[in-house]
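Novice: So here's run.txt (compact mmCIF, C-alpha atoms).
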```txt
# COMPACT_ATOMS: atom_id res chain seq x y z
CA MET A 524 -122.59 -96.05 -71.56
CA VAL A 525 -123.44 -96.32 -75.26
CA ASN A 526 -123.74 -93.06 -77.13
CA LEU A 527 -127.15 -93.30 -78.81
CA VAL A 528 -126.26 -90.91 -81.63
CA GLU A 529 -123.05 -92.79 -82.41
CA ALA A 530 -124.92 -96.10 -82.21
CA GLN A 531 -127.42 -95.10 -84.90
CA LYS A 532 -124.71 -94.06 -87.37
CA PRO A 533 -124.32 -97.57 -88.86
CA LEU A 534 -128.06 -97.61 -89.56
CA LEU A 535 -127.95 -94.22 -91.26
CA HIS A 536 -124.86 -95.18 -93.23
CA GLY A 537 -126.53 -98.43 -94.25
CA LEU A 538 -129.56 -96.52 -95.50
CA MET A 539 -127.29 -94.20 -97.47
CA LYS A 540 -125.59 -97.17 -99.13
CA MET A 541 -128.99 -98.64 -99.97
CA ALA A 542 -129.84 -95.30 -101.57
CA GLY A 543 -126.73 -95.59 -103.73
CA VAL A 544 -123.93 -93.56 -102.11
CA LYS A 545 -120.80 -94.60 -100.25
CA PRO A 546 -118.09 -92.67 -98.33
CA HIS A 547 -114.81 -91.98 -100.08
CA THR A 548 -111.76 -90.05 -98.88
CA VAL A 549 -110.10 -87.63 -101.31
CA GLU A 550 -106.63 -86.22 -100.67
CA ILE A 551 -106.72 -82.69 -102.03
CA GLU A 552 -103.07 -82.09 -101.23
CA PRO A 553 -100.73 -83.18 -98.44
CA GLY A 554 -102.40 -82.18 -95.17
CA THR A 555 -105.88 -81.68 -96.63
CA VAL A 556 -108.42 -84.46 -97.09
CA MET A 557 -112.16 -84.44 -97.67
CA ASN A 558 -114.70 -87.13 -96.93
CA VAL A 559 -117.38 -87.33 -99.61
CA TRP A 560 -120.31 -89.66 -100.08
CA VAL A 561 -120.17 -90.53 -103.77
CA PRO A 562 -122.35 -92.58 -106.15
CA ILE A 563 -121.52 -96.24 -105.67
CA GLU A 564 -121.42 -96.80 -109.43
CA THR A 565 -118.44 -94.42 -109.73
CA LEU A 566 -116.28 -96.56 -107.40
CA LYS A 567 -114.59 -99.52 -109.02
CA LYS A 568 -112.43 -101.92 -107.05
CA SER A 569 -109.54 -103.50 -108.89
CA LYS A 570 -109.16 -107.26 -108.78
CA LYS A 571 -106.91 -108.69 -106.10
CA GLY A 572 -103.47 -109.55 -107.27
CA GLU A 573 -101.06 -111.82 -105.52
CA LYS A 574 -101.73 -112.93 -101.99
CA GLY A 575 -101.23 -110.09 -99.56
CA SER A 576 -101.63 -107.35 -102.14
CA GLU A 577 -104.12 -104.57 -101.41
CA THR A 578 -107.21 -103.86 -103.47
CA THR A 579 -107.39 -100.37 -104.90
CA THR A 580 -110.41 -98.24 -105.70
CA THR A 581 -110.55 -96.31 -108.94
CA LEU A 582 -113.02 -93.57 -109.76
CA THR A 583 -115.10 -93.26 -112.89
CA LYS A 584 -116.92 -90.16 -114.10
CA PRO A 585 -120.60 -89.87 -113.20
CA LYS A 586 -122.99 -90.81 -115.99
CA LYS A 587 -126.06 -88.96 -114.70
CA PRO A 588 -126.51 -85.23 -114.03
CA VAL A 589 -124.65 -84.34 -110.85
CA VAL A 590 -126.18 -82.83 -107.70
CA VAL A 591 -123.91 -81.78 -104.83
CA LEU A 592 -125.52 -81.38 -101.38
CA VAL A 593 -123.60 -79.10 -99.01
CA HIS A 594 -124.43 -79.17 -95.29
CA GLY A 595 -124.74 -76.46 -92.64
CA PHE A 596 -122.85 -75.84 -89.40
CA ALA A 597 -124.52 -78.12 -86.87
CA ALA A 598 -124.15 -81.52 -88.58
CA GLU A 599 -122.18 -83.33 -91.26
CA GLY A 600 -123.39 -84.09 -94.77
CA VAL A 601 -125.50 -87.26 -94.59
CA VAL A 602 -127.12 -86.19 -91.32
CA THR A 603 -128.21 -82.89 -92.89
CA TRP A 604 -129.41 -84.44 -96.16
CA GLN A 605 -130.61 -87.87 -95.00
CA PHE A 606 -134.15 -87.28 -96.32
CA GLN A 607 -133.03 -85.97 -99.72
CA VAL A 608 -130.47 -88.53 -100.88
CA GLY A 609 -132.87 -91.37 -101.61
CA ALA A 610 -135.24 -89.02 -103.43
CA LEU A 611 -132.53 -87.96 -105.88
CA THR A 612 -130.29 -90.93 -106.64
CA ARG A 613 -132.50 -92.58 -109.26
CA LYS A 614 -132.13 -89.68 -111.69
CA TYR A 615 -128.98 -87.98 -110.44
CA SER A 616 -125.43 -88.74 -109.39
CA VAL A 617 -125.47 -87.37 -105.84
CA TYR A 618 -122.36 -86.22 -103.97
CA ILE A 619 -122.50 -85.27 -100.27
CA PRO A 620 -119.21 -83.73 -99.06
CA ASP A 621 -118.20 -83.02 -95.49
CA LEU A 622 -116.73 -79.54 -95.43
CA LEU A 623 -113.39 -79.02 -93.68
CA PHE A 624 -113.57 -79.82 -89.94
CA PHE A 625 -116.83 -81.70 -90.34
CA GLY A 626 -117.08 -85.47 -90.62
CA GLY A 627 -113.71 -86.80 -91.70
CA SER A 628 -112.53 -83.68 -93.54
CA VAL A 629 -109.49 -81.83 -92.19
CA THR A 630 -106.70 -79.51 -93.26
CA ASP A 631 -103.44 -78.26 -91.81
CA LYS A 632 -103.86 -74.93 -93.61
CA ALA A 633 -104.69 -71.84 -91.55
CA ASP A 634 -107.33 -70.34 -93.86
CA ARG A 635 -110.84 -70.58 -92.38
CA SER A 636 -112.79 -68.54 -94.93
CA PRO A 637 -115.79 -69.73 -97.00
CA THR A 638 -113.60 -69.00 -100.04
CA PHE A 639 -111.08 -71.62 -98.90
CA GLN A 640 -113.89 -74.11 -98.30
CA ALA A 641 -115.12 -73.43 -101.85
CA GLU A 642 -111.65 -73.75 -103.36
CA THR A 643 -111.07 -77.05 -101.56
CA LEU A 644 -114.46 -78.43 -102.56
CA GLU A 645 -113.86 -77.46 -106.20
CA LYS A 646 -110.57 -79.36 -106.24
CA CYS A 647 -112.29 -82.33 -104.61
CA LEU A 648 -115.09 -82.45 -107.19
CA ARG A 649 -112.62 -82.20 -110.07
CA LYS A 650 -110.66 -85.12 -108.63
CA LEU A 651 -113.92 -87.10 -108.49
CA GLY A 652 -114.48 -86.51 -112.19
CA VAL A 653 -117.28 -83.96 -111.82
CA GLU A 654 -117.24 -81.51 -114.72
CA LYS A 655 -120.49 -79.67 -114.06
CA CYS A 656 -123.16 -79.86 -111.41
CA ALA A 657 -126.09 -78.32 -109.63
CA MET A 658 -125.34 -77.42 -106.04
CA VAL A 659 -127.70 -77.36 -103.07
CA GLY A 660 -126.50 -75.46 -100.01
CA PHE A 661 -128.03 -75.18 -96.56
CA SER A 662 -127.13 -72.41 -94.09
CA TYR A 663 -123.30 -72.28 -93.83
CA GLY A 664 -123.18 -74.55 -96.87
CA GLY A 665 -125.24 -72.01 -98.79
CA MET A 666 -122.51 -69.40 -98.34
CA VAL A 667 -119.97 -71.91 -99.66
CA VAL A 668 -122.25 -72.72 -102.62
CA PHE A 669 -122.64 -69.03 -103.48
CA LYS A 670 -118.86 -68.67 -103.45
CA MET A 671 -118.51 -71.78 -105.65
CA ALA A 672 -120.94 -70.34 -108.18
CA GLU A 673 -119.05 -67.03 -108.21
CA LEU A 674 -115.60 -68.56 -108.62
CA TYR A 675 -116.39 -71.55 -110.87
CA PRO A 676 -119.29 -70.80 -113.23
CA ASP A 677 -118.06 -73.52 -115.60
CA LEU A 678 -118.54 -76.10 -112.84
CA VAL A 679 -121.67 -74.81 -111.09
CA ARG A 680 -124.56 -74.62 -113.56
CA GLY A 681 -127.36 -73.90 -111.10
CA LEU A 682 -127.86 -73.62 -107.36
CA VAL A 683 -130.48 -74.10 -104.69
CA VAL A 684 -129.97 -72.25 -101.42
CA SER A 685 -131.94 -72.73 -98.20
CA GLY A 686 -131.63 -70.73 -94.98
CA SER A 687 -128.51 -68.83 -96.00
CA ILE A 688 -127.18 -65.52 -97.29
CA LEU A 689 -124.53 -64.36 -99.73
CA ALA A 690 -122.17 -63.34 -96.96
CA MET A 691 -122.35 -62.83 -93.20
CA THR A 692 -121.76 -59.09 -92.93
CA ASP A 693 -121.10 -57.61 -89.51
CA SER A 694 -124.47 -55.81 -89.58
CA ILE A 695 -126.42 -58.99 -90.42
CA SER A 696 -124.47 -60.91 -87.78
CA ASP A 697 -125.14 -58.29 -85.09
CA GLU A 698 -128.83 -57.93 -85.97
CA THR A 699 -129.44 -61.67 -86.12
CA LEU A 700 -127.72 -62.44 -82.83
CA SER A 701 -129.48 -59.54 -81.08
CA ARG A 702 -132.88 -60.65 -82.42
CA LEU A 703 -132.33 -64.25 -81.31
CA GLY A 704 -130.89 -63.28 -77.92
CA PHE A 705 -127.36 -64.67 -78.32
CA LYS A 706 -124.11 -62.88 -77.55
CA SER A 707 -122.01 -64.53 -80.26
CA SER A 708 -122.17 -66.91 -83.21
CA SER A 709 -120.26 -69.48 -81.16
CA GLU A 710 -122.83 -69.34 -78.38
CA LEU A 711 -125.56 -70.05 -80.96
CA LEU A 712 -123.84 -72.56 -83.27
CA LEU A 713 -121.31 -74.23 -80.97
CA PRO A 714 -123.33 -75.08 -77.86
CA THR A 715 -121.43 -76.63 -74.96
CA SER A 716 -124.39 -77.78 -72.88
CA VAL A 717 -127.74 -79.49 -73.24
CA LYS A 718 -129.37 -76.12 -72.51
CA GLY A 719 -127.42 -74.50 -75.34
CA LEU A 720 -128.30 -77.24 -77.81
CA LYS A 721 -131.97 -76.97 -76.88
CA ALA A 722 -131.78 -73.21 -77.51
CA LEU A 723 -130.24 -73.81 -80.95
CA LEU A 724 -132.91 -76.35 -81.89
CA SER A 725 -135.61 -73.99 -80.60
CA VAL A 726 -134.65 -71.24 -83.06
CA ALA A 727 -133.85 -73.68 -85.89
CA THR A 728 -137.23 -75.43 -86.00
CA HIS A 729 -140.83 -74.31 -86.43
CA LYS A 730 -142.42 -77.15 -84.50
CA LYS A 731 -140.78 -77.53 -81.14
CA LEU A 732 -139.18 -80.94 -80.77
CA TRP A 733 -138.76 -82.91 -77.57
CA PHE A 734 -135.84 -85.24 -76.98
CA PRO A 735 -134.56 -86.64 -73.68
CA ASN A 736 -131.56 -84.82 -72.23
CA ARG A 737 -129.37 -87.86 -72.78
CA LEU A 738 -129.95 -87.67 -76.55
CA HIS A 739 -128.99 -84.01 -76.57
CA LYS A 740 -125.84 -84.85 -74.61
CA ASP A 741 -124.93 -87.65 -77.01
CA PHE A 742 -125.50 -85.36 -80.03
CA LEU A 743 -123.15 -82.77 -78.51
CA GLU A 744 -120.42 -85.37 -78.10
CA VAL A 745 -120.68 -86.73 -81.65
CA MET A 746 -121.54 -83.74 -83.85
CA PHE A 747 -119.62 -80.86 -82.23
CA ASN A 748 -116.02 -82.00 -82.53
CA ASN A 749 -113.13 -79.85 -83.84
CA ARG A 750 -114.49 -77.02 -81.68
CA ASN A 751 -111.44 -74.77 -81.92
CA GLU A 752 -111.32 -75.00 -85.70
CA ARG A 753 -115.07 -74.48 -86.04
CA GLY A 754 -114.84 -71.42 -83.84
CA GLU A 755 -112.23 -70.11 -86.25
CA LEU A 756 -114.57 -70.90 -89.16
CA LEU A 757 -117.21 -68.70 -87.52
CA GLU A 758 -114.69 -65.89 -87.06
CA GLY A 759 -113.68 -66.22 -90.71
CA LEU A 760 -117.30 -66.02 -91.80
CA VAL A 761 -118.02 -62.39 -90.88
CA VAL A 762 -117.01 -59.69 -93.38
CA SER A 763 -117.22 -55.93 -93.13
CA ASN A 764 -120.21 -54.20 -94.69
CA ARG A 765 -117.72 -52.19 -96.75
CA ASP A 766 -116.26 -55.37 -98.28
CA ALA A 767 -119.59 -57.04 -99.09
CA THR A 768 -120.46 -57.11 -102.79
CA ILE A 769 -123.14 -58.80 -104.90
CA PRO A 770 -121.58 -60.93 -107.65
CA GLN A 771 -123.20 -61.07 -111.07
CA PHE A 772 -124.29 -64.69 -111.18
CA ALA A 773 -124.94 -66.27 -114.57
CA GLN A 774 -126.58 -69.33 -113.00
CA LYS A 775 -130.23 -69.86 -112.15
CA ILE A 776 -130.66 -69.50 -108.38
CA TYR A 777 -133.55 -71.06 -106.47
CA LEU A 778 -134.09 -69.78 -102.93
CA LEU A 779 -136.07 -72.49 -101.14
CA TRP A 780 -137.01 -71.33 -97.64
CA GLY A 781 -138.85 -72.30 -94.51
CA GLU A 782 -141.40 -69.51 -94.06
CA ASN A 783 -140.85 -69.61 -90.30
CA ASP A 784 -137.04 -69.44 -90.44
CA GLN A 785 -135.98 -67.43 -87.38
CA ILE A 786 -132.25 -67.35 -88.17
CA PHE A 787 -132.37 -66.01 -91.74
CA ASN A 788 -135.94 -64.81 -91.96
CA LEU A 789 -138.20 -64.18 -94.95
CA GLU A 790 -137.32 -60.49 -95.06
CA LEU A 791 -133.63 -61.32 -95.51
CA ALA A 792 -134.45 -63.94 -98.15
CA GLN A 793 -136.71 -61.67 -100.17
CA ASN A 794 -134.25 -58.77 -99.99
CA MET A 795 -131.54 -61.11 -101.24
CA LYS A 796 -133.74 -62.22 -104.14
CA GLN A 797 -134.21 -58.62 -105.22
CA ARG A 798 -130.48 -57.98 -105.07
CA LEU A 799 -129.67 -61.13 -107.04
CA GLY A 800 -131.87 -60.04 -109.93
CA GLU A 801 -133.98 -61.88 -112.47
CA ASN A 802 -131.98 -65.12 -112.38
CA ALA A 803 -133.19 -65.73 -108.82
CA THR A 804 -136.54 -67.21 -107.84
CA PHE A 805 -137.97 -67.63 -104.36
CA GLU A 806 -140.31 -70.20 -102.84
CA GLY A 807 -141.39 -70.50 -99.23
CA ILE A 808 -142.49 -73.68 -97.49
CA ARG A 809 -145.18 -73.29 -94.87
CA LYS A 810 -144.86 -74.64 -91.33
CA ALA A 811 -141.09 -74.99 -91.58
CA GLY A 812 -138.22 -73.19 -89.91
CA HIS A 813 -134.49 -73.02 -90.62
CA LEU A 814 -134.24 -76.83 -90.84
CA VAL A 815 -136.75 -76.86 -93.69
CA GLN A 816 -135.32 -79.92 -95.45
CA ILE A 817 -135.74 -81.97 -92.26
CA GLU A 818 -139.05 -80.56 -91.06
CA ARG A 819 -140.87 -80.76 -94.41
CA PRO A 820 -138.81 -83.24 -96.47
CA CYS A 821 -141.58 -84.34 -98.86
CA VAL A 822 -142.49 -80.78 -99.85
CA TYR A 823 -138.82 -79.78 -100.00
CA ASN A 824 -137.95 -82.73 -102.23
CA ARG A 825 -140.81 -82.00 -104.64
CA CYS A 826 -139.68 -78.40 -105.02
CA LEU A 827 -136.03 -79.41 -105.35
CA LYS A 828 -136.70 -82.06 -108.00
CA LYS A 829 -138.88 -79.66 -109.99
CA PHE A 830 -136.07 -77.10 -110.16
CA LEU A 831 -133.45 -79.72 -111.04
CA ALA A 832 -135.69 -81.10 -113.79
CA THR A 833 -136.06 -77.59 -115.21
CA LEU A 834 -132.27 -77.18 -115.26
CA HIS A 835 -131.83 -80.51 -117.02
CA GLU A 836 -134.58 -79.92 -119.57
CA SER A 837 -133.21 -76.51 -120.44
CA GLY A 838 -129.85 -78.09 -121.23
CA VAL A 839 -128.04 -76.23 -118.45
CA GLN A 840 -127.05 -79.40 -116.63
CA LYS A 841 -126.51 -81.80 -119.52
```
What do you get writing this file as structure tokens?

Specialist:
Amino acid sequence: MVNLVEAQKPLLHGLMKMAGVKPHTVEIEPGTVMNVWVPIETLKKSKKGEKGSETTTTLTKPKKPVVVLVHGFAAEGVVTWQFQVGALTRKYSVYIPDLLFFGGSVTDKADRSPTFQAETLEKCLRKLGVEKCAMVGFSYGGMVVFKMAELYPDLVRGLVVSGSILAMTDSISDETLSRLGFKSSSELLLPTSVKGLKALLSVATHKKLWFPNRLHKDFLEVMFNNRNERGELLEGLVVSNRDATIPQFAQKIYLLWGENDQIFNLELAQNMKQRLGENATFEGIRKAGHLVQIERPCVYNRCLKKFLATLHESGVQK
């Protein structure tokens, strides 16, 4: 029987190409590769040589301000950001990476920390010719984006974070899981059944969505691969309260939130804003939950573009 989620991928990928991005595989080092959707204008195919010779693709540096969209834990890049890409590509060079063990990105290294994800993504962006960028991170991707901004302030000139936190401390993890009624992060974020996926979607959205069970089953088969490695990513996410620190960020930080986010609620977001200091601003979007960029894409895109325009006009992203 045809997997309905897999069957719609060519349509989504076609829409992404129409919007101006195309998938490209980057070898970071032997054993580690990342799949990234990159601006089509940065990919140049060399002319064919003699009969039987292969065409090669060369990369050129982006000519517009760069925006990097980093996905969360339940879906790969273009699925997470499908409603944002087309809204941004006219004015920006948009890159949508798949983090390690999502999409086509893999590594044979044992490190499963957000720091390793950030280090790998930084190497990837450098190889793609990106010298500075604004980064947009959702949920798990937000933690990676925060780490990128901390480690590479010369690369990351501003960041937008939605439905995320600086670090998953053991106290935040325990409180969140207890409040939502889950025993572990894996039970919440790595569902193994239609019932589990429905429970995840129930806490991730404001407006309850209905899909037939078959569609849930197909989504589980397509989007939740590399289960062992993703379980290890979740284990590598939690840090002790004693080890949690607040970096001094030089970048402008825009916290763009669904006001009805049940996973990382408004109280967590507003406390984080206070701890981040005067460089951070907060904006809530009504009638939206954790999946704010999918539930309210038009409002989200307006807010996002306004912040990016402010970065560009101030010279931060030029």

Novice: So, counting all atoms listed in the file, which residue among A:Val591, A:Val684, A:Leu760, A:Leu700 is closest to Ala792 (chain A)?

Specialist: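 The shortest atom-to-atom distance to Ala792 (chain A) comes from A:Val684.
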
Novice: So which residues touch Lys567 (chain A) within 8 Å, counting only C-alpha atoms, skipping near sequence neighbours fewer than 4 positions away, as a PyMOL selection string?

Specialist: chain A and resi 580-583

Novice: Nearest to Thr565 (chain A): which of A:Leu611, A:Val617, A:Leu538, A:Ala672 is it, counting all atoms listed in the file?

Specialist: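 Nearest to Thr565 (chain A): A:Val617.
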
Novice: Could I get the residues of region 613-674 of chain A with an atom no further than 12 Å from an atom of region 825-830 of chain A, each paired with its nearest atom pair and that distance in Å to one decimal, using all atoms listed in the file, sorted by chain and residue number, as JSON lines?

Specialist:
```
{"residue": "A:Arg613", "atom": "CA", "partner": "A:Lys828", "partner_atom": "CA", "distance": 11.4}
{"residue": "A:Lys614", "atom": "CA", "partner": "A:Lys828", "partner_atom": "CA", "distance": 9.6}
{"residue": "A:Tyr615", "atom": "CA", "partner": "A:Lys828", "partner_atom": "CA", "distance": 10.0}
{"residue": "A:Ala657", "atom": "CA", "partner": "A:Phe830", "partner_atom": "CA", "distance": 10.1}
{"residue": "A:Met658", "atom": "CA", "partner": "A:Leu827", "partner_atom": "CA", "distance": 10.9}
{"residue": "A:Val659", "atom": "CA", "partner": "A:Leu827", "partner_atom": "CA", "distance": 8.9}
{"residue": "A:Gly660", "atom": "CA", "partner": "A:Leu827", "partner_atom": "CA", "distance": 11.6}
```

Novice: So how far away is CA of Arg819 (chain A) from CA of Trp604 (chain A), in Å?

Specialist: 12.2 Å

Novice: Counting all atoms listed in the file, I want the residues whose atoms come within 10 Å of (-125.1, -71.4, -113.3) in the file frame, returned as a ChimeraX atom specification.

Specialist: /A:655-658,672-673,675-682,772-776,802,834,839-840

Novice: Skip Ala633 (chain A) itself and residues of its chain fewer than 6 positions away, then list as an MDAnalysis selection string all residues within 10 Å of it, counting only C-alpha atoms.

Specialist: chainID A and resid 639 752 755

Novice: To one decimal in Å, tell me the separation between CA of Arg753 (chain A) and CA of Phe624 (chain A).

Specialist: 6.8 Å

Novice: Record the distance separating CA of Thr699 (chain A) and CA of Phe661 (chain A), expressed in Å with one decimal.

Specialist: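 Separation of CA of Thr699 (chain A) and CA of Phe661 (chain A): 17.1 Å.
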
Novice: Counting all atoms listed in the file, which residues sit no farther than 12 Å from the position (-139.9, -84.9, -92.2) in the file's frame? I'd like them as number ranges by chain.

Specialist: A: 603-607, 728, 730, 810-811, 814-824

Novice: For Arg702 (chain A), which residue among A:Ser636, A:Ser662, A:Asn749, A:Asn788 is the nearest when counting all atoms listed in the file?

Specialist: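 Using all atoms listed in the file, the shortest distance to Arg702 (chain A) belongs to A:Asn788.
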
Novice: To box region 680-690 of chain A, take all atoms listed in the file, fit an axis-aligned box, add 6 Å on each side, and give centre and edge lengths in Å to one decimal, as lines of an AutoDock Vina configuration file.

Specialist:
```
center_x = -127.1
center_y = -69.0
center_z = -104.3
size_x = 21.8
size_y = 23.3
size_z = 30.6
```

Novice: Which residues are close to Val602 (chain A), i.e. within 12 Å by all atoms listed in the file, leaving aside same-chain residues fewer than 5 positions away? Reply as an MDAnalysis selection string.

Specialist: chainID A and resid 528:529 531:536 538:539 560 592:597 607:608 619:621 625:626 742 745:746 814 816:817

Novice: Kindly add N, CA and C atoms to the incomplete region 755-785 of chain A and provide the output as a PDB file, in the frame of the given file.

Specialist:
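File selection_26.pdb, as written:
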```pdb
ATOM      1  N   GLU A 755    -112.974 -70.918 -85.292  1.00  0.00           N
ATOM      2  CA  GLU A 755    -112.230 -70.110 -86.250  1.00  0.00           C
ATOM      3  C   GLU A 755    -112.992 -69.960 -87.557  1.00  0.00           C
ATOM      4  N   LEU A 756    -113.726 -71.006 -87.964  1.00  0.00           N
ATOM      5  CA  LEU A 756    -114.570 -70.900 -89.160  1.00  0.00           C
ATOM      6  C   LEU A 756    -115.621 -69.807 -88.983  1.00  0.00           C
ATOM      7  N   LEU A 757    -116.210 -69.734 -87.784  1.00  0.00           N
ATOM      8  CA  LEU A 757    -117.210 -68.700 -87.520  1.00  0.00           C
ATOM      9  C   LEU A 757    -116.581 -67.309 -87.555  1.00  0.00           C
ATOM     10  N   GLU A 758    -115.373 -67.182 -87.015  1.00  0.00           N
ATOM     11  CA  GLU A 758    -114.690 -65.890 -87.060  1.00  0.00           C
ATOM     12  C   GLU A 758    -114.362 -65.497 -88.496  1.00  0.00           C
ATOM     13  N   GLY A 759    -114.013 -66.492 -89.322  1.00  0.00           N
ATOM     14  CA  GLY A 759    -113.680 -66.220 -90.710  1.00  0.00           C
ATOM     15  C   GLY A 759    -114.888 -65.973 -91.600  1.00  0.00           C
ATOM     16  N   LEU A 760    -116.069 -66.154 -91.033  1.00  0.00           N
ATOM     17  CA  LEU A 760    -117.300 -66.020 -91.800  1.00  0.00           C
ATOM     18  C   LEU A 760    -117.735 -64.567 -91.950  1.00  0.00           C
ATOM     19  N   VAL A 761    -117.506 -63.762 -90.920  1.00  0.00           N
ATOM     20  CA  VAL A 761    -118.020 -62.390 -90.880  1.00  0.00           C
ATOM     21  C   VAL A 761    -117.117 -61.462 -91.695  1.00  0.00           C
ATOM     22  N   VAL A 762    -117.741 -60.677 -92.582  1.00  0.00           N
ATOM     23  CA  VAL A 762    -117.010 -59.690 -93.380  1.00  0.00           C
ATOM     24  C   VAL A 762    -117.584 -58.316 -93.102  1.00  0.00           C
ATOM     25  N   SER A 763    -116.779 -57.313 -93.332  1.00  0.00           N
ATOM     26  CA  SER A 763    -117.220 -55.930 -93.130  1.00  0.00           C
ATOM     27  C   SER A 763    -118.285 -55.560 -94.149  1.00  0.00           C
ATOM     28  N   ASN A 764    -119.219 -54.718 -93.748  1.00  0.00           N
ATOM     29  CA  ASN A 764    -120.210 -54.200 -94.690  1.00  0.00           C
ATOM     30  C   ASN A 764    -119.550 -53.549 -95.897  1.00  0.00           C
ATOM     31  N   ARG A 765    -118.417 -52.890 -95.667  1.00  0.00           N
ATOM     32  CA  ARG A 765    -117.720 -52.190 -96.750  1.00  0.00           C
ATOM     33  C   ARG A 765    -117.184 -53.168 -97.787  1.00  0.00           C
ATOM     34  N   ASP A 766    -116.861 -54.397 -97.365  1.00  0.00           N
ATOM     35  CA  ASP A 766    -116.260 -55.370 -98.280  1.00  0.00           C
ATOM     36  C   ASP A 766    -117.296 -56.265 -98.951  1.00  0.00           C
ATOM     37  N   ALA A 767    -118.556 -56.160 -98.543  1.00  0.00           N
ATOM     38  CA  ALA A 767    -119.590 -57.040 -99.090  1.00  0.00           C
ATOM     39  C   ALA A 767    -120.033 -56.547-100.465  1.00  0.00           C
ATOM     40  N   THR A 768    -120.023 -57.442-101.431  1.00  0.00           N
ATOM     41  CA  THR A 768    -120.460 -57.110-102.790  1.00  0.00           C
ATOM     42  C   THR A 768    -121.430 -58.187-103.276  1.00  0.00           C
ATOM     43  N   ILE A 769    -122.207 -57.852-104.295  1.00  0.00           N
ATOM     44  CA  ILE A 769    -123.140 -58.800-104.900  1.00  0.00           C
ATOM     45  C   ILE A 769    -122.573 -59.240-106.239  1.00  0.00           C
ATOM     46  N   PRO A 770    -122.103 -60.471-106.363  1.00  0.00           N
ATOM     47  CA  PRO A 770    -121.580 -60.930-107.650  1.00  0.00           C
ATOM     48  C   PRO A 770    -122.677 -60.977-108.710  1.00  0.00           C
ATOM     49  N   GLN A 771    -122.266 -60.908-109.958  1.00  0.00           N
ATOM     50  CA  GLN A 771    -123.200 -61.070-111.070  1.00  0.00           C
ATOM     51  C   GLN A 771    -123.226 -62.550-111.449  1.00  0.00           C
ATOM     52  N   PHE A 772    -124.205 -63.261-110.917  1.00  0.00           N
ATOM     53  CA  PHE A 772    -124.290 -64.690-111.180  1.00  0.00           C
ATOM     54  C   PHE A 772    -124.938 -64.959-112.538  1.00  0.00           C
ATOM     55  N   ALA A 773    -124.344 -65.847-113.304  1.00  0.00           N
ATOM     56  CA  ALA A 773    -124.940 -66.270-114.570  1.00  0.00           C
ATOM     57  C   ALA A 773    -125.908 -67.427-114.368  1.00  0.00           C
ATOM     58  N   GLN A 774    -125.788 -68.129-113.242  1.00  0.00           N
ATOM     59  CA  GLN A 774    -126.580 -69.330-113.000  1.00  0.00           C
ATOM     60  C   GLN A 774    -128.001 -68.989-112.534  1.00  0.00           C
ATOM     61  N   LYS A 775    -128.905 -69.928-112.753  1.00  0.00           N
ATOM     62  CA  LYS A 775    -130.230 -69.860-112.150  1.00  0.00           C
ATOM     63  C   LYS A 775    -130.083 -70.154-110.653  1.00  0.00           C
ATOM     64  N   ILE A 776    -130.750 -69.356-109.828  1.00  0.00           N
ATOM     65  CA  ILE A 776    -130.660 -69.500-108.380  1.00  0.00           C
ATOM     66  C   ILE A 776    -132.065 -69.679-107.823  1.00  0.00           C
ATOM     67  N   TYR A 777    -132.250 -70.740-107.056  1.00  0.00           N
ATOM     68  CA  TYR A 777    -133.550 -71.060-106.470  1.00  0.00           C
ATOM     69  C   TYR A 777    -133.434 -70.951-104.967  1.00  0.00           C
ATOM     70  N   LEU A 778    -134.089 -69.966-104.382  1.00  0.00           N
ATOM     71  CA  LEU A 778    -134.090 -69.780-102.930  1.00  0.00           C
ATOM     72  C   LEU A 778    -135.288 -70.521-102.363  1.00  0.00           C
ATOM     73  N   LEU A 779    -135.017 -71.608-101.652  1.00  0.00           N
ATOM     74  CA  LEU A 779    -136.070 -72.490-101.140  1.00  0.00           C
ATOM     75  C   LEU A 779    -136.039 -72.400 -99.613  1.00  0.00           C
ATOM     76  N   TRP A 780    -137.074 -71.805 -99.019  1.00  0.00           N
ATOM     77  CA  TRP A 780    -137.010 -71.330 -97.640  1.00  0.00           C
ATOM     78  C   TRP A 780    -138.118 -71.900 -96.763  1.00  0.00           C
ATOM     79  N   GLY A 781    -137.816 -72.090 -95.501  1.00  0.00           N
ATOM     80  CA  GLY A 781    -138.850 -72.300 -94.510  1.00  0.00           C
ATOM     81  C   GLY A 781    -139.463 -70.950 -94.151  1.00  0.00           C
ATOM     82  N   GLU A 782    -140.762 -70.815 -94.296  1.00  0.00           N
ATOM     83  CA  GLU A 782    -141.400 -69.510 -94.060  1.00  0.00           C
ATOM     84  C   GLU A 782    -141.252 -69.036 -92.622  1.00  0.00           C
ATOM     85  N   ASN A 783    -140.986 -69.967 -91.710  1.00  0.00           N
ATOM     86  CA  ASN A 783    -140.850 -69.610 -90.300  1.00  0.00           C
ATOM     87  C   ASN A 783    -139.391 -69.633 -89.838  1.00  0.00           C
ATOM     88  N   ASP A 784    -138.462 -69.474 -90.773  1.00  0.00           N
ATOM     89  CA  ASP A 784    -137.040 -69.440 -90.440  1.00  0.00           C
ATOM     90  C   ASP A 784    -136.765 -68.239 -89.530  1.00  0.00           C
ATOM     91  N   GLN A 785    -136.280 -68.502 -88.330  1.00  0.00           N
ATOM     92  CA  GLN A 785    -135.980 -67.430 -87.380  1.00  0.00           C
ATOM     93  C   GLN A 785    -134.545 -66.921 -87.511  1.00  0.00           C
TER      94      GLN A 785
END
```
